[in-house]
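> Below you'll find protein_14.txt; it's compact mmCIF, C-alpha atoms and all ligand atoms.
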# COMPACT_ATOMS: atom_id res chain seq x y z
CA MET Q 23 44.75 14.33 20.90
CA LYS Q 24 47.19 12.56 23.22
CA ASN Q 25 45.93 9.42 24.88
CA ASN Q 26 46.88 10.32 28.41
CA GLU Q 27 44.97 8.99 31.34
CA MET Q 28 41.44 10.34 31.13
CA LYS Q 29 38.35 10.33 33.26
CA VAL Q 30 34.92 9.72 31.76
CA PHE Q 31 33.89 13.37 32.01
CA GLU Q 32 37.14 14.56 30.47
CA ALA Q 33 36.77 12.16 27.54
CA LEU Q 34 33.22 13.37 26.99
CA ARG Q 35 34.25 17.01 27.20
CA TRP Q 36 37.04 16.49 24.68
CA ALA Q 37 34.75 14.56 22.31
CA SER Q 38 32.05 17.16 22.54
CA SER Q 39 34.30 20.06 21.61
CA PHE Q 40 36.11 18.04 18.91
CA LEU Q 41 32.82 17.06 17.29
CA GLN Q 42 31.40 20.56 17.50
CA LYS Q 43 34.51 21.94 15.87
CA HIS Q 44 33.73 19.64 12.92
CA ASN Q 45 30.05 20.62 12.93
CA TYR Q 46 28.76 17.40 14.42
CA GLU Q 47 26.56 17.01 17.48
CA SER Q 48 28.31 16.49 20.79
CA ARG Q 49 25.75 13.77 21.60
CA ILE Q 50 27.70 11.47 19.24
CA GLY Q 51 30.52 11.41 21.80
CA GLU Q 52 28.14 10.18 24.46
CA LEU Q 53 26.73 7.48 22.15
CA LEU Q 54 30.23 6.29 21.36
CA LEU Q 55 31.29 6.16 24.99
CA ILE Q 56 28.13 4.23 25.83
CA TYR Q 57 29.10 1.83 23.04
CA HIS Q 58 32.68 1.40 24.23
CA THR Q 59 31.96 1.09 27.94
CA GLY Q 60 28.81 -0.98 27.53
CA TRP Q 61 27.22 1.27 30.18
CA ASN Q 62 23.91 3.04 29.83
CA ARG Q 63 23.67 6.82 29.99
CA ALA Q 64 22.81 6.94 33.69
CA ARG Q 65 25.83 4.83 34.59
CA LEU Q 66 28.05 6.97 32.40
CA LEU Q 67 26.95 10.03 34.37
CA ALA Q 68 27.31 8.25 37.70
CA GLU Q 69 30.83 7.13 36.81
CA ARG Q 70 32.00 10.44 35.46
CA MET Q 71 35.13 10.36 37.66
CA ALA Q 72 36.13 6.84 36.61
CA ILE Q 73 39.40 6.51 34.73
CA LEU Q 74 38.99 4.96 31.31
CA ASP Q 75 41.00 1.94 30.38
CA GLN Q 76 43.79 2.90 27.94
CA ASP Q 77 42.70 0.55 25.14
CA MET Q 78 39.12 1.65 25.45
CA LEU Q 79 40.11 5.30 25.44
CA HIS Q 80 42.24 4.74 22.36
CA ALA Q 81 39.37 3.05 20.48
CA PHE Q 82 36.94 5.76 21.62
CA VAL Q 83 39.22 8.56 20.41
CA GLU Q 84 39.64 6.83 17.07
CA ASN Q 85 35.90 6.50 16.62
CA VAL Q 86 35.19 10.10 17.64
CA GLU Q 87 37.69 11.12 14.96
CA ARG Q 88 35.95 8.89 12.40
CA ALA Q 89 32.58 10.38 13.32
CA ALA Q 90 33.98 13.90 13.00
CA SER Q 91 35.23 13.01 9.51
CA GLY Q 92 31.66 12.12 8.49
CA VAL Q 93 31.24 8.41 9.25
CA PRO Q 94 27.72 8.08 10.69
CA VAL Q 95 27.81 7.05 14.33
CA GLN Q 96 25.27 4.34 13.47
CA HIS Q 97 27.78 2.75 11.10
CA ILE Q 98 30.41 2.71 13.82
CA ILE Q 99 28.05 1.24 16.39
CA GLY Q 100 26.32 -0.94 13.76
CA SER Q 101 22.78 -0.14 14.80
CA GLU Q 102 20.10 2.48 15.33
CA GLU Q 103 17.04 2.48 17.53
CA PHE Q 104 13.64 2.59 15.87
CA TYR Q 105 10.34 2.43 17.72
CA GLY Q 106 12.12 1.13 20.82
CA ARG Q 107 14.05 -1.65 19.09
CA GLN Q 108 17.63 -1.88 17.84
CA PHE Q 109 18.03 -2.41 14.10
CA ARG Q 110 21.31 -3.34 12.47
CA VAL Q 111 22.44 -0.94 9.80
CA ASN Q 112 25.34 -0.62 7.38
CA GLY Q 113 26.18 1.32 4.23
CA ASP Q 114 23.69 -0.73 2.20
CA VAL Q 115 20.60 0.72 3.89
CA LEU Q 116 19.17 4.05 4.92
CA ILE Q 117 19.71 4.77 8.60
CA PRO Q 118 16.30 4.79 10.34
CA ARG Q 119 15.03 8.31 11.03
CA PRO Q 120 12.73 9.30 13.89
CA GLU Q 121 10.31 10.86 11.38
CA THR Q 122 9.47 7.36 10.13
CA GLU Q 123 8.31 6.46 13.65
CA GLU Q 124 5.63 9.08 13.16
CA LEU Q 125 4.48 7.29 10.00
CA ILE Q 126 4.12 4.10 12.04
CA VAL Q 127 2.07 5.87 14.72
CA ALA Q 128 -0.24 7.43 12.13
CA VAL Q 129 -0.71 4.17 10.24
CA LEU Q 130 -1.44 2.15 13.39
CA HIS Q 131 -4.07 4.71 14.22
CA LYS Q 132 -5.74 4.30 10.80
CA ILE Q 133 -5.72 0.51 10.60
CA PRO Q 134 -9.06 -0.01 12.38
CA GLU Q 135 -10.68 2.02 9.61
CA VAL Q 136 -9.64 -0.44 6.93
CA CYS Q 137 -10.53 -3.42 9.08
CA ARG Q 138 -14.06 -2.36 9.81
CA GLY Q 139 -15.31 -2.45 6.25
CA ASN Q 140 -13.62 -5.79 5.66
CA ALA Q 141 -14.67 -7.46 8.85
CA GLU Q 142 -16.07 -10.52 7.12
CA GLU Q 143 -13.11 -11.26 4.89
CA THR Q 144 -10.10 -9.91 6.70
CA CYS Q 145 -8.79 -8.56 9.98
CA LYS Q 146 -10.50 -11.17 12.09
CA PRO Q 147 -8.35 -11.68 15.15
CA ASP Q 148 -9.54 -15.26 15.45
CA GLY Q 149 -10.22 -15.98 11.78
CA ASN Q 150 -8.01 -17.59 9.19
CA SER Q 151 -7.44 -14.46 7.23
CA SER Q 152 -5.31 -11.62 8.41
CA LEU Q 153 -4.41 -8.10 7.46
CA ARG Q 154 -1.94 -8.04 4.59
CA ILE Q 155 0.56 -5.22 4.54
CA VAL Q 156 3.32 -4.46 2.05
CA ASP Q 157 6.34 -2.30 2.82
CA VAL Q 158 7.84 -1.05 -0.44
CA GLY Q 159 11.58 -0.31 -0.39
CA THR Q 160 12.04 -1.84 3.01
CA GLY Q 161 15.74 -0.96 3.41
CA SER Q 162 16.76 -2.09 6.89
CA GLY Q 163 13.25 -3.48 7.34
CA ILE Q 164 12.12 -1.03 10.02
CA ILE Q 165 8.60 -0.47 8.71
CA ALA Q 166 7.87 -4.13 7.93
CA VAL Q 167 9.31 -5.47 11.19
CA THR Q 168 7.74 -2.78 13.36
CA MET Q 169 4.32 -3.29 11.80
CA LYS Q 170 4.55 -7.03 12.32
CA LEU Q 171 5.36 -6.51 15.99
CA GLU Q 172 2.97 -3.63 16.66
CA VAL Q 173 -0.24 -4.38 14.76
CA ALA Q 174 -2.69 -5.70 17.29
CA ILE Q 175 -4.36 -8.20 14.95
CA PRO Q 176 -2.92 -11.07 12.93
CA SER Q 177 -1.03 -9.74 9.97
CA GLU Q 178 0.94 -10.98 7.02
CA ILE Q 179 3.74 -8.67 6.06
CA VAL Q 180 5.53 -8.58 2.75
CA ALA Q 181 8.58 -6.40 2.28
CA VAL Q 182 10.05 -5.58 -1.11
CA ASP Q 183 13.38 -4.03 -2.02
CA ILE Q 184 15.30 -3.80 -5.25
CA SER Q 185 18.63 -4.10 -3.44
CA PRO Q 186 19.76 -7.62 -2.48
CA SER Q 187 22.25 -6.23 0.02
CA ALA Q 188 19.54 -4.19 1.75
CA LEU Q 189 17.36 -7.30 1.93
CA ARG Q 190 20.17 -9.15 3.69
CA VAL Q 191 20.17 -6.51 6.43
CA ALA Q 192 16.37 -6.49 6.65
CA LYS Q 193 16.20 -10.29 6.95
CA GLU Q 194 18.76 -10.25 9.71
CA ASN Q 195 16.76 -7.63 11.60
CA ALA Q 196 13.52 -9.57 11.21
CA LEU Q 197 15.17 -12.74 12.44
CA GLU Q 198 16.81 -11.05 15.41
CA LEU Q 199 13.62 -9.29 16.43
CA GLY Q 200 11.43 -12.34 15.90
CA ALA Q 201 9.23 -10.79 13.21
CA ASP Q 202 7.80 -13.11 10.60
CA VAL Q 203 8.09 -11.08 7.40
CA GLU Q 204 8.29 -12.30 3.81
CA PHE Q 205 11.05 -10.56 1.87
CA ILE Q 206 11.00 -10.27 -1.90
CA GLU Q 207 13.60 -8.80 -4.22
CA GLY Q 208 12.01 -6.62 -6.88
CA ASP Q 209 11.01 -3.22 -8.14
CA LEU Q 210 8.26 -1.52 -6.10
CA LEU Q 211 5.00 -3.50 -6.35
CA SER Q 212 5.96 -5.48 -9.47
CA PRO Q 213 6.61 -8.77 -7.63
CA LEU Q 214 3.13 -8.66 -6.07
CA ILE Q 215 1.52 -7.74 -9.38
CA ASP Q 216 3.33 -10.64 -11.08
CA ARG Q 217 2.08 -13.07 -8.48
CA GLY Q 218 -1.44 -11.61 -8.49
CA GLU Q 219 -1.23 -10.89 -4.75
CA LYS Q 220 -3.45 -8.32 -3.02
CA VAL Q 221 -2.95 -6.36 0.19
CA ASN Q 222 -5.00 -4.22 2.58
CA VAL Q 223 -2.22 -1.72 3.30
CA VAL Q 224 0.57 -0.24 1.16
CA LEU Q 225 3.34 1.50 3.09
CA SER Q 226 6.53 3.07 1.89
CA ASN Q 227 9.26 5.45 2.83
CA PRO Q 228 10.75 5.69 -0.64
CA PRO Q 229 13.68 7.83 -1.74
CA TYR Q 230 12.32 11.36 -2.11
CA ILE Q 231 15.19 13.84 -2.16
CA PRO Q 232 15.56 15.92 -5.34
CA GLU Q 233 18.87 15.12 -7.10
CA GLY Q 234 19.86 18.79 -6.96
CA ASP Q 235 19.90 18.80 -3.14
CA ARG Q 236 22.90 16.46 -3.13
CA SER Q 237 25.32 19.37 -3.21
CA PHE Q 238 23.96 20.97 -0.01
CA MET Q 239 23.81 17.77 2.01
CA LYS Q 240 26.32 16.81 4.67
CA GLU Q 241 29.03 14.27 3.89
CA ASN Q 242 27.83 11.87 6.58
CA VAL Q 243 24.68 11.34 4.48
CA VAL Q 244 25.79 11.64 0.84
CA ASP Q 245 29.10 9.81 1.24
CA HIS Q 246 27.84 7.04 3.51
CA GLU Q 247 24.19 6.28 2.83
CA PRO Q 248 23.07 4.62 -0.42
CA SER Q 249 22.03 7.07 -3.14
CA LEU Q 250 19.39 4.57 -4.19
CA ALA Q 251 17.67 5.10 -0.84
CA LEU Q 252 17.89 8.90 -0.91
CA PHE Q 253 17.39 10.43 -4.35
CA ALA Q 254 14.47 10.27 -6.76
CA GLY Q 255 14.88 12.47 -9.82
CA ASP Q 256 14.82 16.23 -10.31
CA ASP Q 257 11.84 16.89 -8.04
CA GLY Q 258 12.21 13.86 -5.75
CA LEU Q 259 8.85 12.50 -6.92
CA ASP Q 260 9.98 9.86 -9.43
CA VAL Q 261 9.43 6.89 -7.12
CA TYR Q 262 5.99 8.10 -5.97
CA ARG Q 263 4.95 8.44 -9.62
CA ASN Q 264 5.88 4.84 -10.39
CA LEU Q 265 4.64 3.42 -7.11
CA VAL Q 266 1.27 5.15 -6.94
CA LYS Q 267 0.47 4.06 -10.51
CA GLN Q 268 0.88 0.43 -9.43
CA ILE Q 269 -1.18 0.63 -6.22
CA PRO Q 270 -4.65 -0.04 -7.73
CA GLU Q 271 -3.32 -3.37 -9.03
CA VAL Q 272 -2.66 -4.68 -5.52
CA LEU Q 273 -4.77 -2.72 -3.02
CA LEU Q 274 -8.02 -4.23 -1.77
CA LYS Q 275 -10.91 -1.96 -0.76
CA PRO Q 276 -11.13 -0.63 1.84
CA GLY Q 277 -7.42 -0.10 1.70
CA LEU Q 278 -4.88 2.14 3.35
CA ILE Q 279 -1.93 3.92 1.76
CA GLY Q 280 0.75 5.41 4.00
CA LEU Q 281 3.69 7.18 2.38
CA GLU Q 282 6.48 9.15 3.97
CA ILE Q 283 7.23 12.35 2.05
CA GLY Q 284 9.57 15.31 2.17
CA HIS Q 285 8.51 18.81 3.11
CA GLY Q 286 6.70 20.50 0.25
CA GLN Q 287 5.75 17.26 -1.51
CA GLY Q 288 2.37 16.74 0.18
CA GLU Q 289 0.11 18.22 -2.44
CA ALA Q 290 1.95 16.62 -5.36
CA VAL Q 291 1.79 13.15 -3.79
CA ALA Q 292 -1.86 13.59 -2.74
CA LYS Q 293 -2.60 14.54 -6.35
CA LEU Q 294 -0.93 11.39 -7.66
CA ILE Q 295 -3.20 9.36 -5.38
CA ARG Q 296 -6.29 11.27 -6.49
CA GLU Q 297 -5.34 10.61 -10.10
CA VAL Q 298 -5.54 6.85 -9.61
CA TYR Q 299 -8.47 7.04 -7.16
CA PRO Q 300 -10.59 9.98 -8.38
CA GLN Q 301 -13.39 9.08 -5.93
CA CYS Q 302 -11.12 8.99 -2.90
CA GLU Q 303 -12.08 11.68 -0.41
CA GLN Q 304 -9.80 10.62 2.39
CA VAL Q 305 -6.36 11.79 1.29
CA GLU Q 306 -4.57 13.58 4.05
CA VAL Q 307 -1.18 15.30 4.26
CA LYS Q 308 0.20 15.19 7.79
CA ASN Q 309 3.05 17.13 9.36
CA ASP Q 310 5.70 15.74 11.68
CA ILE Q 311 6.41 17.06 15.18
CA ASN Q 312 8.66 19.71 13.67
CA GLY Q 313 5.75 21.06 11.65
CA LYS Q 314 7.11 19.76 8.33
CA GLU Q 315 4.99 17.85 5.81
CA ARG Q 316 5.98 14.25 6.45
CA MET Q 317 3.36 11.79 5.27
CA VAL Q 318 0.39 11.24 3.04
CA LEU Q 319 -2.31 8.88 4.24
CA ALA Q 320 -5.22 7.76 2.13
CA ILE Q 321 -8.13 5.48 2.78
CA VAL Q 322 -9.56 4.02 -0.38
CA LYS Q 323 -13.08 2.72 -0.13
N1 LIG M 1 11.94 1.79 4.58
C1 LIG M 1 13.26 2.08 5.04
C2 LIG M 1 13.22 3.20 6.06
O1 LIG M 1 12.19 3.77 6.28
C3 LIG M 1 14.17 2.45 3.89
C4 LIG M 1 13.77 3.72 3.21
C5 LIG M 1 14.64 4.08 2.05
O2 LIG M 1 15.63 3.40 1.77
N2 LIG M 1 14.29 5.15 1.40
O3 LIG M 1 14.19 3.55 6.65
Would you mind writing the file out in structure tokens?


Amino acid sequence: MKNNEMKVFEALRWASSFLQKHNYESRIGELLLIYHTGWNRARLLAERMAILDQDMLHAFVENVERAASGVPVQHIIGSEEFYGRQFRVNGDVLIPRPETEELIVAVLHKIPEVCRGNAEETCKPDGNSSLRIVDVGTGSGIIAVTMKLEVAIPSEIVAVDISPSALRVAKENALELGADVEFIEGDLLSPLIDRGEKVNVVLSNPPYIPEGDRSFMKENVVDHEPSLALFAGDDGLDVYRNLVKQIPEVLLKPGLIGLEIGHGQGEAVAKLIREVYPQCEQVEVKNDINGKERMVLAIVK
């Protein structure tokens, strides 16, 4: 691609066909041009006849080429939107996915159910105690930070991750977005168990991809996102097995469990929950907007 003089629409047209040729979405070109110009989408469309500055065009072309070679656009831009907020991301954390926004929506909807039974001890908007939530494997911190900012009652949020470099990203996001979250380095719920701490809600979007799927996945995921955040044994259920076993040691009753899952894992994960809570009648597998199994929610009374 020669860096001749180019108008906005020509640059977008070139990027779109270049990306498609490499099996990437043409939308990435638009995101990159928004990033380089600092304009929003509407302005980009309005200025489609504007001539791009040579240096900007050069940088844009370079980044479109990087994206077409598999570098996630979020790593180039340095952020991804989640639940209406921008979160910083890098190669140390999973890039936020829109499916996880659906977990947030479902969990927010269920929270009143765990508050009601506890009204005297917890969840009092004007009381001293507040709703305690743990986000296990927080990664970039999206679940912990979003819950802190979206739950309508006072809450204390704890976020755990085994990766110190992921925690650095999560802390930065919490600070930038003004969310008061406590971050702890550790394996699943072990740090809470060690401290004897209890919570009302356990949330997690753990790694859940079966190891064997690695070979069919695109290079922008397998070569650029941390394996630790993606894969969990032969059937993808290893982390759920270890996590669910620990839940009764930290979860108060009534308590809420909200786990993101992969398609086809619903029944297996629901069964793990029923094994530790044989009396629990409220275990529900929910699909995402694409009709795929995406989360398991359980209310433990
Ligand atoms: N909780 C983070 C997210 O939902 C990280 C998840 C992960 O690393 N598996 O994006």

> Rounded to one decimal place, report the CA of Gly280 (chain Q)-CA of Leu210 (chain Q) distance in Å.

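About the pair CA of Gly280 (chain Q) and CA of Leu210 (chain Q): they are 14.4 Å apart.
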
> Return as an MDAnalysis selection string the residues of protein, DNA or RNA that approach ligand LIG 1 (chain M) to within 9 Å, with all atoms listed in the file taken into account.

chainID Q and resid 115:119 121:123 157:166 183 188 225:230 248:253 282

> Skip Ser177 (chain Q) itself and residues of its chain fewer than 3 positions away, then list as an MDAnalysis selection string all residues within 7 Å of it, counting all atoms listed in the file.

chainID Q and resid 152:154 170

> Suppose you want the space between CA of Ile175 (chain Q) and CA of Lys220 (chain Q); what is it in Å?

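Interatomic distance here is 18.0 Å.
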
> So the first atom is CA of Ala196 (chain Q) and the second is CA of Gly113 (chain Q); what is the distance between them in Å, to one decimal place?

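CA of Gly113 (chain Q) lies 18.1 Å from CA of Ala196 (chain Q).
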
> Near Asp75 (chain Q), within 10 Å and counting only C-alpha atoms, which residues show up once chain neighbours fewer than 3 positions away are dropped, as a PDB file with C-alpha atoms, in the frame of the given file?


ATOM      1  CA  GLU Q  27      44.970   8.990  31.340  1.00  0.00           C
ATOM      2  CA  MET Q  28      41.440  10.340  31.130  1.00  0.00           C
ATOM      3  CA  LYS Q  29      38.350  10.330  33.260  1.00  0.00           C
ATOM      4  CA  VAL Q  30      34.920   9.720  31.760  1.00  0.00           C
ATOM      5  CA  THR Q  59      31.960   1.090  27.940  1.00  0.00           C
ATOM      6  CA  ALA Q  72      36.130   6.840  36.610  1.00  0.00           C
ATOM      7  CA  MET Q  78      39.120   1.650  25.450  1.00  0.00           C
ATOM      8  CA  LEU Q  79      40.110   5.300  25.440  1.00  0.00           C
ATOM      9  CA  HIS Q  80      42.240   4.740  22.360  1.00  0.00           C
TER      10      HIS Q  80
END

> Name the residues within 12 Å of (25.1, 9.7, 30.7), counting all atoms listed in the file in the file's coordinates, and put them as a list in words.

Val30, Phe31, Leu34, Arg49, Ile50, Gly51, Glu52, Leu53, Leu54, Leu55, Ile56, Tyr57, Thr59, Gly60, Trp61, Asn62, Arg63, Ala64, Arg65, Leu66, Leu67, Ala68, Glu69 and Arg70 of chain Q

> So that I can check the surroundings of Asn309 (chain Q), please list as a ChimeraX atom specification every protein, DNA and RNA residue that reaches within 10 Å of it, counting all atoms listed in the file and ignoring chain neighbours fewer than 2 positions away.

/Q:121,124-125,283-285,288,306-307,311-318

> Between Q:Asp114, Q:Leu278, Q:Pro270, Q:Glu194, which has the minimum distance to Pro300 (chain Q) (counting all atoms listed in the file)?

Q:Pro270

> For Val173 (chain Q), which residue out of Q:Gly208, Q:Val203, Q:His131, Q:Gln76 is the nearest one, using only C-alpha atoms?

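Looking only at the distances to Val173 (chain Q), the closest residue turns out to be Q:His131.
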
> For Asp209 (chain Q), which residue among Q:Lys275, Q:Ala192, Q:Pro186, Q:Ile73 is the nearest when counting only C-alpha atoms?

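Closest to Asp209 (chain Q), using only C-alpha atoms: Q:Pro186.
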
> Check the smallest atom-to-atom distance from each of Q:Ala320, Q:Leu199, Q:Ala174, Q:Val221 to Arg110 (chain Q) using only C-alpha atoms, then report the winner.

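When distances to Arg110 (chain Q) are compared using only C-alpha atoms, the smallest one comes from Q:Leu199.
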
> Reconstruct all heavy atoms of region 174-184 of chain Q; output as a compact mmCIF listing (two decimals), in the frame of the given file.


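Ended up saving to selection_29.txt:
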# COMPACT_ATOMS: atom_id res chain seq x y z
N ALA Q 174 -2.07 -4.93 16.22
CA ALA Q 174 -2.69 -5.70 17.29
C ALA Q 174 -3.48 -6.92 16.80
O ALA Q 174 -3.96 -7.70 17.60
CB ALA Q 174 -3.60 -4.78 18.09
N ILE Q 175 -3.59 -7.06 15.50
CA ILE Q 175 -4.36 -8.20 14.95
C ILE Q 175 -3.43 -9.03 14.07
O ILE Q 175 -2.38 -8.54 13.65
CB ILE Q 175 -5.57 -7.69 14.13
CG1 ILE Q 175 -5.08 -6.69 13.08
CG2 ILE Q 175 -6.64 -7.09 15.02
CD1 ILE Q 175 -6.17 -6.26 12.16
N PRO Q 176 -3.81 -10.26 13.76
CA PRO Q 176 -2.92 -11.07 12.93
C PRO Q 176 -2.63 -10.38 11.60
O PRO Q 176 -3.54 -9.82 10.97
CB PRO Q 176 -3.72 -12.35 12.69
CG PRO Q 176 -4.69 -12.42 13.80
CD PRO Q 176 -5.02 -11.00 14.15
N SER Q 177 -1.38 -10.43 11.21
CA SER Q 177 -1.03 -9.74 9.97
C SER Q 177 -0.02 -10.57 9.20
O SER Q 177 0.74 -11.34 9.77
CB SER Q 177 -0.43 -8.37 10.30
OG SER Q 177 0.75 -8.55 11.05
N GLU Q 178 -0.07 -10.39 7.89
CA GLU Q 178 0.94 -10.98 7.02
C GLU Q 178 1.68 -9.83 6.41
O GLU Q 178 1.05 -8.95 5.79
CB GLU Q 178 0.27 -11.74 5.88
CG GLU Q 178 -0.15 -13.15 6.22
CD GLU Q 178 -0.97 -13.72 5.06
OE1 GLU Q 178 -0.50 -13.65 3.90
OE2 GLU Q 178 -2.06 -14.20 5.34
N ILE Q 179 2.98 -9.82 6.56
CA ILE Q 179 3.74 -8.67 6.06
C ILE Q 179 4.67 -9.12 4.95
O ILE Q 179 5.40 -10.10 5.09
CB ILE Q 179 4.60 -8.02 7.19
CG1 ILE Q 179 3.83 -7.91 8.50
CG2 ILE Q 179 5.17 -6.69 6.71
CD1 ILE Q 179 2.94 -6.74 8.67
N VAL Q 180 4.63 -8.35 3.87
CA VAL Q 180 5.53 -8.58 2.75
C VAL Q 180 6.40 -7.34 2.63
O VAL Q 180 5.89 -6.22 2.73
CB VAL Q 180 4.73 -8.76 1.44
CG1 VAL Q 180 5.66 -9.09 0.29
CG2 VAL Q 180 3.68 -9.84 1.59
N ALA Q 181 7.68 -7.55 2.43
CA ALA Q 181 8.58 -6.40 2.28
C ALA Q 181 9.36 -6.58 0.99
O ALA Q 181 9.93 -7.64 0.74
CB ALA Q 181 9.54 -6.33 3.47
N VAL Q 182 9.39 -5.51 0.19
CA VAL Q 182 10.05 -5.58 -1.11
C VAL Q 182 11.22 -4.59 -1.12
O VAL Q 182 11.12 -3.49 -0.56
CB VAL Q 182 9.07 -5.19 -2.24
CG1 VAL Q 182 9.72 -5.34 -3.61
CG2 VAL Q 182 7.78 -6.00 -2.17
N ASP Q 183 12.30 -5.00 -1.75
CA ASP Q 183 13.38 -4.03 -2.02
C ASP Q 183 14.10 -4.47 -3.28
O ASP Q 183 14.20 -5.67 -3.56
CB ASP Q 183 14.36 -3.94 -0.84
CG ASP Q 183 15.04 -2.58 -0.81
OD1 ASP Q 183 15.87 -2.29 -1.71
OD2 ASP Q 183 14.74 -1.78 0.09
N ILE Q 184 14.60 -3.50 -4.00
CA ILE Q 184 15.30 -3.80 -5.25
C ILE Q 184 16.76 -4.20 -4.97
O ILE Q 184 17.42 -4.78 -5.81
CB ILE Q 184 15.20 -2.59 -6.21
CG1 ILE Q 184 15.45 -3.01 -7.65
CG2 ILE Q 184 16.12 -1.46 -5.78
CD1 ILE Q 184 15.01 -1.97 -8.67
